[in-house]
$ cat model_32.cif   # mmCIF, C-alpha atoms; chains and numbers go by the auth columns
data_my_file
loop_
_atom_site.group_PDB
_atom_site.id
_atom_site.type_symbol
_atom_site.label_atom_id
_atom_site.label_comp_id
_atom_site.label_asym_id
_atom_site.label_seq_id
_atom_site.Cartn_x
_atom_site.Cartn_y
_atom_site.Cartn_z
_atom_site.B_iso_or_equiv
_atom_site.auth_seq_id
_atom_site.auth_asym_id
ATOM 1 C CA MET A 1 -52.603 -22.051 -75.874 0.00 1 A
ATOM 2 C CA LYS A 2 -54.009 -25.288 -74.389 0.00 2 A
ATOM 3 C CA ASN A 3 -57.618 -26.018 -75.180 0.00 3 A
ATOM 4 C CA SER A 4 -59.524 -26.844 -71.992 0.00 4 A
ATOM 5 C CA PHE A 5 -62.526 -25.533 -70.062 0.00 5 A
ATOM 6 C CA TRP A 6 -60.805 -23.029 -67.765 0.00 6 A
ATOM 7 C CA SER A 7 -58.159 -21.975 -70.294 0.00 7 A
ATOM 8 C CA SER A 8 -61.015 -20.651 -72.423 0.00 8 A
ATOM 9 C CA PHE A 9 -61.364 -17.816 -69.925 0.00 9 A
ATOM 10 C CA HIS A 10 -57.608 -17.099 -70.014 0.00 10 A
ATOM 11 C CA ASN A 11 -57.489 -16.973 -73.820 0.00 11 A
ATOM 12 C CA GLN A 12 -60.987 -16.553 -75.197 0.00 12 A
ATOM 13 C CA ALA A 13 -59.886 -17.727 -78.655 0.00 13 A
ATOM 14 C CA THR A 14 -59.868 -21.318 -77.372 0.00 14 A
ATOM 15 C CA LEU A 15 -63.626 -21.033 -76.800 0.00 15 A
ATOM 16 C CA ALA A 16 -64.001 -21.682 -80.525 0.00 16 A
ATOM 17 C CA LEU A 17 -62.512 -25.171 -80.048 0.00 17 A
ATOM 18 C CA ASN A 18 -64.995 -26.183 -77.346 0.00 18 A
ATOM 19 C CA ASN A 19 -67.756 -28.137 -79.095 0.00 19 A
ATOM 20 C CA SER A 20 -69.602 -29.368 -75.976 0.00 20 A
ATOM 21 C CA PHE A 21 -72.079 -27.641 -73.705 0.00 21 A
ATOM 22 C CA SER A 22 -70.006 -27.360 -70.508 0.00 22 A
ATOM 23 C CA PHE A 23 -70.500 -26.118 -66.954 0.00 23 A
ATOM 24 C CA GLY A 24 -67.774 -25.858 -64.326 0.00 24 A
ATOM 25 C CA LEU A 25 -67.230 -25.050 -60.638 0.00 25 A
ATOM 26 C CA ASN A 26 -63.884 -24.286 -59.003 0.00 26 A
ATOM 27 C CA TYR A 27 -62.679 -23.479 -55.500 0.00 27 A
ATOM 28 C CA GLU A 28 -59.177 -22.178 -54.785 0.00 28 A
ATOM 29 C CA ASN A 29 -57.871 -22.149 -51.193 0.00 29 A
ATOM 30 C CA ARG A 30 -54.933 -19.724 -51.286 0.00 30 A
ATOM 31 C CA PHE A 31 -52.256 -20.502 -48.689 0.00 31 A
ATOM 32 C CA ASN A 32 -54.839 -22.476 -46.678 0.00 32 A
ATOM 33 C CA ILE A 33 -56.479 -19.202 -45.534 0.00 33 A
ATOM 34 C CA SER A 34 -60.253 -19.250 -45.936 0.00 34 A
ATOM 35 C CA GLU A 35 -60.451 -15.435 -46.214 0.00 35 A
ATOM 36 C CA LEU A 36 -58.347 -15.656 -49.399 0.00 36 A
ATOM 37 C CA GLY A 37 -60.557 -18.275 -51.058 0.00 37 A
ATOM 38 C CA THR A 38 -61.930 -17.845 -54.580 0.00 38 A
ATOM 39 C CA ARG A 39 -65.118 -19.493 -55.861 0.00 39 A
ATOM 40 C CA THR A 40 -65.686 -19.591 -59.616 0.00 40 A
ATOM 41 C CA LEU A 41 -68.507 -20.682 -61.937 0.00 41 A
ATOM 42 C CA GLY A 42 -68.192 -21.014 -65.709 0.00 42 A
ATOM 43 C CA LEU A 43 -70.434 -21.882 -68.655 0.00 43 A
ATOM 44 C CA ILE A 44 -69.628 -22.567 -72.328 0.00 44 A
ATOM 45 C CA ILE A 45 -72.277 -22.859 -75.060 0.00 45 A
ATOM 46 C CA PRO A 46 -71.145 -23.950 -78.562 0.00 46 A
ATOM 47 C CA ALA A 47 -72.730 -22.265 -81.564 0.00 47 A
ATOM 48 C CA GLY A 48 -71.243 -23.569 -84.802 0.00 48 A
ATOM 49 C CA LYS A 49 -67.936 -21.872 -85.620 0.00 49 A
ATOM 50 C CA ALA A 50 -68.232 -19.800 -82.455 0.00 50 A
ATOM 51 C CA SER A 51 -68.843 -20.466 -78.774 0.00 51 A
ATOM 52 C CA VAL A 52 -70.041 -18.109 -76.071 0.00 52 A
ATOM 53 C CA GLY A 53 -69.039 -18.261 -72.432 0.00 53 A
ATOM 54 C CA GLY A 54 -69.836 -16.747 -69.082 0.00 54 A
ATOM 55 C CA ILE A 55 -67.784 -16.685 -65.893 0.00 55 A
ATOM 56 C CA TYR A 56 -68.355 -15.444 -62.342 0.00 56 A
ATOM 57 C CA SER A 57 -65.910 -15.456 -59.437 0.00 57 A
ATOM 58 C CA HIS A 58 -66.009 -14.280 -55.825 0.00 58 A
ATOM 59 C CA PHE A 59 -62.887 -13.596 -53.773 0.00 59 A
ATOM 60 C CA GLY A 60 -62.498 -12.547 -50.159 0.00 60 A
ATOM 61 C CA TYR A 61 -64.536 -12.238 -46.986 0.00 61 A
ATOM 62 C CA SER A 62 -66.811 -9.759 -45.181 0.00 62 A
ATOM 63 C CA ASP A 63 -64.220 -6.955 -44.788 0.00 63 A
ATOM 64 C CA PHE A 64 -62.929 -7.172 -48.349 0.00 64 A
ATOM 65 C CA SER A 65 -64.321 -8.956 -51.383 0.00 65 A
ATOM 66 C CA ARG A 66 -64.087 -8.779 -55.163 0.00 66 A
ATOM 67 C CA ASP A 67 -66.686 -10.082 -57.598 0.00 67 A
ATOM 68 C CA MET A 68 -65.946 -10.521 -61.283 0.00 68 A
ATOM 69 C CA THR A 69 -68.398 -11.299 -64.087 0.00 69 A
ATOM 70 C CA GLY A 70 -67.324 -11.882 -67.684 0.00 70 A
ATOM 71 C CA LEU A 71 -69.130 -12.508 -70.964 0.00 71 A
ATOM 72 C CA SER A 72 -67.024 -13.872 -73.816 0.00 72 A
ATOM 73 C CA CYS A 73 -67.109 -15.167 -77.360 0.00 73 A
ATOM 74 C CA GLY A 74 -64.575 -17.128 -79.398 0.00 74 A
ATOM 75 C CA MET A 75 -64.764 -17.692 -83.152 0.00 75 A
ATOM 76 C CA LYS A 76 -62.803 -19.575 -85.790 0.00 76 A
ATOM 77 C CA LEU A 77 -61.368 -17.194 -88.377 0.00 77 A
ATOM 78 C CA SER A 78 -59.942 -19.995 -90.521 0.00 78 A
ATOM 79 C CA GLY A 79 -58.905 -23.626 -90.194 0.00 79 A
ATOM 80 C CA LYS A 80 -55.759 -22.618 -88.305 0.00 80 A
ATOM 81 C CA MET A 81 -56.719 -19.402 -86.520 0.00 81 A
ATOM 82 C CA ALA A 82 -59.267 -18.322 -83.912 0.00 82 A
ATOM 83 C CA ALA A 83 -59.913 -15.126 -81.948 0.00 83 A
ATOM 84 C CA GLY A 84 -61.905 -14.241 -78.852 0.00 84 A
ATOM 85 C CA LEU A 85 -63.097 -11.289 -76.780 0.00 85 A
ATOM 86 C CA GLN A 86 -64.389 -10.906 -73.224 0.00 86 A
ATOM 87 C CA VAL A 87 -66.020 -7.994 -71.392 0.00 87 A
ATOM 88 C CA ASP A 88 -65.431 -7.936 -67.619 0.00 88 A
ATOM 89 C CA TYR A 89 -67.272 -6.245 -64.760 0.00 89 A
ATOM 90 C CA PHE A 90 -65.525 -5.930 -61.392 0.00 90 A
ATOM 91 C CA SER A 91 -67.037 -4.957 -58.060 0.00 91 A
ATOM 92 C CA GLU A 92 -64.970 -4.446 -54.878 0.00 92 A
ATOM 93 C CA ARG A 93 -66.411 -4.037 -51.405 0.00 93 A
ATOM 94 C CA THR A 94 -64.509 -2.966 -48.309 0.00 94 A
ATOM 95 C CA SER A 95 -65.415 -1.932 -44.802 0.00 95 A
ATOM 96 C CA GLY A 96 -65.076 1.775 -44.062 0.00 96 A
ATOM 97 C CA GLU A 97 -66.040 5.059 -45.686 0.00 97 A
ATOM 98 C CA TYR A 98 -65.304 4.065 -49.297 0.00 98 A
ATOM 99 C CA SER A 99 -67.165 0.802 -49.316 0.00 99 A
ATOM 100 C CA LYS A 100 -67.641 -0.017 -53.015 0.00 100 A
ATOM 101 C CA ASN A 101 -65.764 0.347 -56.311 0.00 101 A
ATOM 102 C CA GLN A 102 -67.021 -0.753 -59.724 0.00 102 A
ATOM 103 C CA TYR A 103 -65.272 -0.804 -63.076 0.00 103 A
ATOM 104 C CA ILE A 104 -65.462 -2.409 -66.502 0.00 104 A
ATOM 105 C CA SER A 105 -62.608 -3.761 -68.602 0.00 105 A
ATOM 106 C CA CYS A 106 -62.000 -6.147 -71.464 0.00 106 A
ATOM 107 C CA GLU A 107 -59.571 -8.792 -72.688 0.00 107 A
ATOM 108 C CA ALA A 108 -58.901 -10.534 -75.988 0.00 108 A
ATOM 109 C CA GLY A 109 -56.955 -13.490 -77.353 0.00 109 A
ATOM 110 C CA LEU A 110 -55.654 -15.032 -80.562 0.00 110 A
ATOM 111 C CA LEU A 111 -54.890 -18.707 -81.205 0.00 111 A
ATOM 112 C CA ILE A 112 -52.830 -20.062 -84.106 0.00 112 A
ATOM 113 C CA THR A 113 -52.605 -23.821 -84.751 0.00 113 A
ATOM 114 C CA PRO A 114 -50.153 -24.495 -87.603 0.00 114 A
ATOM 115 C CA SER A 115 -50.589 -28.247 -87.048 0.00 115 A
ATOM 116 C CA GLU A 116 -52.770 -30.612 -85.023 0.00 116 A
ATOM 117 C CA LYS A 117 -50.037 -30.938 -82.384 0.00 117 A
ATOM 118 C CA THR A 118 -48.702 -27.378 -82.097 0.00 118 A
ATOM 119 C CA SER A 119 -50.397 -24.146 -81.054 0.00 119 A
ATOM 120 C CA PHE A 120 -49.468 -20.521 -80.336 0.00 120 A
ATOM 121 C CA GLY A 121 -51.485 -18.118 -78.227 0.00 121 A
ATOM 122 C CA ILE A 122 -51.520 -14.375 -77.480 0.00 122 A
ATOM 123 C CA HIS A 123 -53.678 -12.732 -74.819 0.00 123 A
ATOM 124 C CA ILE A 124 -54.017 -9.129 -73.645 0.00 124 A
ATOM 125 C CA PHE A 125 -55.884 -7.959 -70.546 0.00 125 A
ATOM 126 C CA ASN A 126 -57.173 -4.458 -69.755 0.00 126 A
ATOM 127 C CA PRO A 127 -55.793 -2.638 -72.831 0.00 127 A
ATOM 128 C CA VAL A 128 -56.991 0.746 -71.543 0.00 128 A
ATOM 129 C CA PRO A 129 -54.797 3.874 -71.960 0.00 129 A
ATOM 130 C CA ASN A 130 -53.497 5.394 -68.710 0.00 130 A
ATOM 131 C CA SER A 131 -55.342 8.643 -69.422 0.00 131 A
ATOM 132 C CA LEU A 132 -58.704 6.815 -69.355 0.00 132 A
ATOM 133 C CA ARG A 133 -58.131 4.612 -66.315 0.00 133 A
ATOM 134 C CA LYS A 134 -60.006 5.235 -63.088 0.00 134 A
ATOM 135 C CA ASN A 135 -58.405 2.371 -61.163 0.00 135 A
ATOM 136 C CA SER A 136 -54.991 0.778 -60.643 0.00 136 A
ATOM 137 C CA MET A 137 -55.714 -2.447 -62.522 0.00 137 A
ATOM 138 C CA PRO A 138 -52.635 -3.270 -64.655 0.00 138 A
ATOM 139 C CA THR A 139 -52.425 -4.080 -68.332 0.00 139 A
ATOM 140 C CA SER A 140 -50.864 -7.442 -69.153 0.00 140 A
ATOM 141 C CA ILE A 141 -49.899 -9.399 -72.248 0.00 141 A
ATOM 142 C CA ARG A 142 -49.108 -13.121 -72.425 0.00 142 A
ATOM 143 C CA VAL A 143 -47.519 -15.086 -75.246 0.00 143 A
ATOM 144 C CA GLY A 144 -47.263 -18.875 -75.225 0.00 144 A
ATOM 145 C CA ALA A 145 -46.564 -21.944 -77.332 0.00 145 A
ATOM 146 C CA GLY A 146 -47.280 -25.624 -76.782 0.00 146 A
ATOM 147 C CA THR A 147 -46.921 -28.942 -78.540 0.00 147 A
ATOM 148 C CA PHE A 148 -47.691 -32.627 -78.156 0.00 148 A
ATOM 149 C CA LEU A 149 -44.357 -34.477 -78.042 0.00 149 A
ATOM 150 C CA ASN A 150 -46.321 -37.704 -78.544 0.00 150 A
ATOM 151 C CA ASN A 151 -49.931 -38.825 -78.223 0.00 151 A
ATOM 152 C CA SER A 152 -49.755 -38.710 -74.398 0.00 152 A
ATOM 153 C CA LEU A 153 -47.451 -35.796 -73.494 0.00 153 A
ATOM 154 C CA PHE A 154 -48.184 -32.073 -73.963 0.00 154 A
ATOM 155 C CA THR A 155 -45.655 -29.371 -73.004 0.00 155 A
ATOM 156 C CA GLY A 156 -46.044 -25.603 -72.990 0.00 156 A
ATOM 157 C CA LEU A 157 -44.145 -22.374 -72.328 0.00 157 A
ATOM 158 C CA GLU A 158 -45.598 -18.933 -71.567 0.00 158 A
ATOM 159 C CA ALA A 159 -44.222 -15.443 -70.897 0.00 159 A
ATOM 160 C CA GLU A 160 -46.238 -12.642 -69.249 0.00 160 A
ATOM 161 C CA MET A 161 -45.492 -8.954 -68.895 0.00 161 A
ATOM 162 C CA SER A 162 -47.673 -6.685 -66.740 0.00 162 A
ATOM 163 C CA SER A 163 -47.400 -2.950 -66.204 0.00 163 A
ATOM 164 C CA GLY A 164 -45.362 -2.288 -63.076 0.00 164 A
ATOM 165 C CA SER A 165 -44.135 -5.895 -62.760 0.00 165 A
ATOM 166 C CA ASN A 166 -41.219 -8.020 -63.907 0.00 166 A
ATOM 167 C CA LEU A 167 -41.410 -10.574 -66.708 0.00 167 A
ATOM 168 C CA ILE A 168 -42.911 -13.898 -65.583 0.00 168 A
ATOM 169 C CA VAL A 169 -42.110 -17.155 -67.371 0.00 169 A
ATOM 170 C CA ARG A 170 -44.170 -20.312 -66.880 0.00 170 A
ATOM 171 C CA THR A 171 -43.689 -23.818 -68.198 0.00 171 A
ATOM 172 C CA GLY A 172 -45.669 -27.003 -67.716 0.00 172 A
ATOM 173 C CA PHE A 173 -46.712 -30.410 -68.990 0.00 173 A
ATOM 174 C CA GLU A 174 -49.741 -32.690 -69.104 0.00 174 A
ATOM 175 C CA TYR A 175 -49.270 -36.458 -69.373 0.00 175 A
ATOM 176 C CA GLU A 176 -52.052 -38.965 -70.000 0.00 176 A
ATOM 177 C CA ALA A 177 -50.887 -41.717 -67.638 0.00 177 A
ATOM 178 C CA ALA A 178 -53.930 -43.909 -68.314 0.00 178 A
ATOM 179 C CA LYS A 179 -57.129 -43.644 -70.270 0.00 179 A
ATOM 180 C CA LYS A 180 -58.943 -40.484 -69.080 0.00 180 A
ATOM 181 C CA LEU A 181 -56.356 -39.849 -66.320 0.00 181 A
ATOM 182 C CA TRP A 182 -53.929 -36.925 -66.673 0.00 182 A
ATOM 183 C CA LEU A 183 -50.941 -35.897 -64.556 0.00 183 A
ATOM 184 C CA ARG A 184 -49.775 -32.264 -64.632 0.00 184 A
ATOM 185 C CA GLY A 185 -46.822 -30.244 -63.411 0.00 185 A
ATOM 186 C CA GLY A 186 -45.205 -26.873 -63.966 0.00 186 A
ATOM 187 C CA PHE A 187 -42.935 -24.064 -62.777 0.00 187 A
ATOM 188 C CA SER A 188 -43.312 -20.270 -62.632 0.00 188 A
ATOM 189 C CA THR A 189 -40.562 -17.700 -62.071 0.00 189 A
ATOM 190 C CA ASP A 190 -43.102 -15.675 -60.062 0.00 190 A
ATOM 191 C CA ASN A 191 -41.981 -16.521 -56.486 0.00 191 A
ATOM 192 C CA ASN A 192 -40.221 -19.608 -57.919 0.00 192 A
ATOM 193 C CA SER A 193 -43.407 -21.622 -57.539 0.00 193 A
ATOM 194 C CA PHE A 194 -43.981 -25.220 -58.605 0.00 194 A
ATOM 195 C CA SER A 195 -47.375 -26.660 -59.523 0.00 195 A
ATOM 196 C CA PHE A 196 -48.685 -30.189 -59.791 0.00 196 A
ATOM 197 C CA GLY A 197 -52.045 -31.878 -60.110 0.00 197 A
ATOM 198 C CA LEU A 198 -54.208 -34.433 -61.859 0.00 198 A
ATOM 199 C CA GLY A 199 -57.400 -34.725 -63.855 0.00 199 A
ATOM 200 C CA TRP A 200 -59.844 -37.593 -64.212 0.00 200 A
ATOM 201 C CA MET A 201 -62.736 -37.923 -66.651 0.00 201 A
ATOM 202 C CA LEU A 202 -65.691 -39.964 -65.378 0.00 202 A
ATOM 203 C CA ARG A 203 -68.393 -40.183 -68.049 0.00 203 A
ATOM 204 C CA VAL A 204 -69.633 -36.569 -68.370 0.00 204 A
ATOM 205 C CA VAL A 205 -67.804 -35.238 -65.285 0.00 205 A
ATOM 206 C CA GLN A 206 -64.173 -34.141 -65.197 0.00 206 A
ATOM 207 C CA ILE A 207 -62.496 -33.829 -61.786 0.00 207 A
ATOM 208 C CA ASP A 208 -59.357 -31.703 -61.450 0.00 208 A
ATOM 209 C CA LEU A 209 -57.103 -31.180 -58.437 0.00 209 A
ATOM 210 C CA GLY A 210 -54.200 -28.730 -58.416 0.00 210 A
ATOM 211 C CA PHE A 211 -51.538 -27.475 -56.020 0.00 211 A
ATOM 212 C CA VAL A 212 -49.148 -24.503 -56.272 0.00 212 A
ATOM 213 C CA THR A 213 -46.234 -23.834 -53.939 0.00 213 A
ATOM 214 C CA HIS A 214 -44.952 -20.457 -52.681 0.00 214 A
ATOM 215 C CA GLU A 215 -41.404 -20.063 -51.377 0.00 215 A
ATOM 216 C CA ARG A 216 -42.605 -18.185 -48.267 0.00 216 A
ATOM 217 C CA LEU A 217 -46.378 -18.552 -47.849 0.00 217 A
ATOM 218 C CA GLY A 218 -46.884 -22.262 -48.401 0.00 218 A
ATOM 219 C CA LEU A 219 -49.361 -24.191 -50.520 0.00 219 A
ATOM 220 C CA THR A 220 -52.385 -23.146 -52.569 0.00 220 A
ATOM 221 C CA SER A 221 -54.849 -25.894 -53.480 0.00 221 A
ATOM 222 C CA SER A 222 -57.742 -25.927 -55.937 0.00 222 A
ATOM 223 C CA ALA A 223 -60.464 -28.323 -57.052 0.00 223 A
ATOM 224 C CA SER A 224 -62.774 -28.286 -60.075 0.00 224 A
ATOM 225 C CA LEU A 225 -65.811 -30.143 -61.331 0.00 225 A
ATOM 226 C CA ILE A 226 -66.575 -29.784 -65.033 0.00 226 A
ATOM 227 C CA PHE A 227 -69.712 -31.217 -66.619 0.00 227 A
ATOM 228 C CA LYS A 228 -69.633 -31.802 -70.388 0.00 228 A
ATOM 229 C CA ILE A 229 -72.858 -32.562 -72.243 0.00 229 A
ATOM 230 C CA ARG A 230 -72.431 -33.290 -75.938 0.00 230 A
#
$ encode --input "model_32.cif" --output "structure tokens"
Amino acid sequence: MKNSFWSSFHNQATLALNNSFSFGLNYENRFNISELGTRTLGLIIPAGKASVGGIYSHFGYSDFSRDMTGLSCGMKLSGKMAAGLQVDYFSERTSGEYSKNQYISCEAGLLITPSEKTSFGIHIFNPVPNSLRKNSMPTSIRVGAGTFLNNSLFTGLEAEMSSGSNLIVRTGFEYEAAKKLWLRGGFSTDNNSFSFGLGWMLRVVQIDLGFVTHERLGLTSSASLIFKIR
């Protein structure tokens, strides 16, 4: 439900609130294992009441990798409601006899903002009936709400249910400690993981650093550069 560059690809409805031409790069180092690294590129282009976006990510190494490409659009339906849709293409490569799998899916989101400080979001991923599926990719739905407690502090709560998995609840906050400097933290019931990080805006470049703990496997770190051209 939080409007930011990367959240636009987790709920495409928030694309409609992005009014700047933006380009972003992200690298995630999962558990400090290079073979589990993910590299992501994103692009958002505003177009009046709507914005279009594109995202590409690469995960893995030579023996196993997954590439994902998505094209999305978010549009304002009214002053307090927006909706978005994204079409995804996945490609998996493995060593061995069955070396490549390809499949297409989609995802969609809805954003409701009853006031300037409060927002509600709904997102569904891979809403494909079991009878039509040719892969094991799950269907998931997320529902979240967030609000600004004051001009500097935002808090949010999200629940996610995926086919074949238990309910996951996440909560977090973002605090503007100084002008253009944000501190962030959160907790997820998935593996009882904590997250923390910071963001810094320097002219047209936003720098984000994030860290997520795992109760058994250690720390996952990530870094982003986002360029915003008005």
$ closest_residue --input "model_32.cif" --among "A:Leu25, A:Met201, A:Cys106, A:Leu183" --to "Tyr89 in chain A" --atoms "only C-alpha atoms"
A:Cys106
$ resolve_selection --input "model_32.cif" --expression "the PyMOL selection byres ((chain A and resi 145-153) around 12)" --output "number ranges by chain"
A: 1-3, 110-123, 142-144, 154-159, 169-185
$ atom_distance --input "model_32.cif" --atom1 "CA of Leu43 in chain A" --atom2 "CA of Phe9 in chain A"
10.0 Å
$ resolve_selection --input "model_32.cif" --expression "the PyMOL selection byres ((chain A and resi 37-39) around 10)" --output "list of chain:residue names"
A:Leu25, A:Asn26, A:Tyr27, A:Glu28, A:Asn29, A:Arg30, A:Phe31, A:Asn32, A:Ile33, A:Ser34, A:Glu35, A:Leu36, A:Thr40, A:Leu41, A:Tyr56, A:Ser57, A:His58, A:Phe59, A:Gly60, A:Tyr61, A:Ser65, A:Arg66, A:Asp67, A:Thr220, A:Ser221, A:Ser222
$ residues_around --input "model_32.cif" --residues "Lys100 in chain A" --least-positions-apart "3" --cutoff "12 Å" --atoms "all atoms listed in the file" --output "PyMOL selection string"
chain A and resi 63-67+90-97+103
$ atom_distance --input "model_32.cif" --atom1 "CA of Ser165 in chain A" --atom2 "CA of Ala82 in chain A"
28.8 Å
$ residues_around --input "model_32.cif" --residues "Leu71 in chain A" --least-positions-apart "4" --cutoff "7 Å" --atoms "all atoms listed in the file" --output "PDB file with C-alpha atoms, in the coordinates of the input"
ATOM      1  CA  GLY A  53     -69.039 -18.261 -72.432  1.00  0.00           C
ATOM      2  CA  GLY A  54     -69.836 -16.747 -69.082  1.00  0.00           C
ATOM      3  CA  ILE A  55     -67.784 -16.685 -65.893  1.00  0.00           C
ATOM      4  CA  GLN A  86     -64.389 -10.906 -73.224  1.00  0.00           C
ATOM      5  CA  VAL A  87     -66.020  -7.994 -71.392  1.00  0.00           C
ATOM      6  CA  ASP A  88     -65.431  -7.936 -67.619  1.00  0.00           C
TER       7      ASP A  88
END
$ closest_residue --input "model_32.cif" --among "A:Asn101, A:Ser62, A:Ser20, A:Gln12" --to "Ile229 in chain A" --atoms "all atoms listed in the file"
A:Ser20
$ closest_residue --input "model_32.cif" --among "A:Ala16, A:Ile124, A:Trp6, A:Ile44" --to "Leu225 in chain A" --atoms "all atoms listed in the file"
A:Trp6
$ build_atoms --input "model_32.cif" --residues "range 4-15 of chain A" --atoms "N, CA, C and O atoms" --output "JSON list (two decimals), in the frame of the given file"
[["chain", "number", "residue", "atom", "x", "y", "z"],
["A", 4, "SER", "N", -58.82, -26.17, -73.08],
["A", 4, "SER", "CA", -59.52, -26.84, -71.99],
["A", 4, "SER", "C", -60.59, -25.89, -71.48],
["A", 4, "SER", "O", -60.68, -24.74, -71.92],
["A", 5, "PHE", "N", -61.40, -26.34, -70.53],
["A", 5, "PHE", "CA", -62.53, -25.53, -70.06],
["A", 5, "PHE", "C", -62.06, -24.21, -69.46],
["A", 5, "PHE", "O", -62.46, -23.13, -69.90],
["A", 6, "TRP", "N", -61.19, -24.25, -68.46],
["A", 6, "TRP", "CA", -60.80, -23.03, -67.76],
["A", 6, "TRP", "C", -59.87, -22.16, -68.59],
["A", 6, "TRP", "O", -59.88, -20.93, -68.47],
["A", 7, "SER", "N", -59.05, -22.79, -69.46],
["A", 7, "SER", "CA", -58.16, -21.98, -70.29],
["A", 7, "SER", "C", -58.93, -21.10, -71.26],
["A", 7, "SER", "O", -58.42, -20.09, -71.74],
["A", 8, "SER", "N", -60.20, -21.46, -71.53],
["A", 8, "SER", "CA", -61.02, -20.65, -72.42],
["A", 8, "SER", "C", -61.30, -19.27, -71.85],
["A", 8, "SER", "O", -61.64, -18.35, -72.59],
["A", 9, "PHE", "N", -61.16, -19.12, -70.55],
["A", 9, "PHE", "CA", -61.36, -17.82, -69.92],
["A", 9, "PHE", "C", -60.03, -17.11, -69.66],
["A", 9, "PHE", "O", -60.01, -16.01, -69.12],
["A", 10, "HIS", "N", -58.92, -17.74, -70.06],
["A", 10, "HIS", "CA", -57.61, -17.10, -70.01],
["A", 10, "HIS", "C", -57.15, -16.70, -71.41],
["A", 10, "HIS", "O", -56.31, -15.81, -71.56],
["A", 11, "ASN", "N", -57.64, -17.38, -72.42],
["A", 11, "ASN", "CA", -57.49, -16.97, -73.82],
["A", 11, "ASN", "C", -58.79, -17.32, -74.52],
["A", 11, "ASN", "O", -59.03, -18.48, -74.86],
["A", 12, "GLN", "N", -59.62, -16.32, -74.73],
["A", 12, "GLN", "CA", -60.99, -16.55, -75.20],
["A", 12, "GLN", "C", -61.03, -17.16, -76.60],
["A", 12, "GLN", "O", -62.06, -17.67, -77.02],
["A", 13, "ALA", "N", -59.91, -17.11, -77.32],
["A", 13, "ALA", "CA", -59.89, -17.73, -78.66],
["A", 13, "ALA", "C", -60.11, -19.23, -78.58],
["A", 13, "ALA", "O", -60.68, -19.83, -79.51],
["A", 14, "THR", "N", -59.69, -19.87, -77.48],
["A", 14, "THR", "CA", -59.87, -21.32, -77.37],
["A", 14, "THR", "C", -61.33, -21.71, -77.15],
["A", 14, "THR", "O", -61.67, -22.89, -77.24],
["A", 15, "LEU", "N", -62.20, -20.73, -76.88],
["A", 15, "LEU", "CA", -63.63, -21.03, -76.80],
["A", 15, "LEU", "C", -64.12, -21.65, -78.11],
["A", 15, "LEU", "O", -65.01, -22.51, -78.11]]
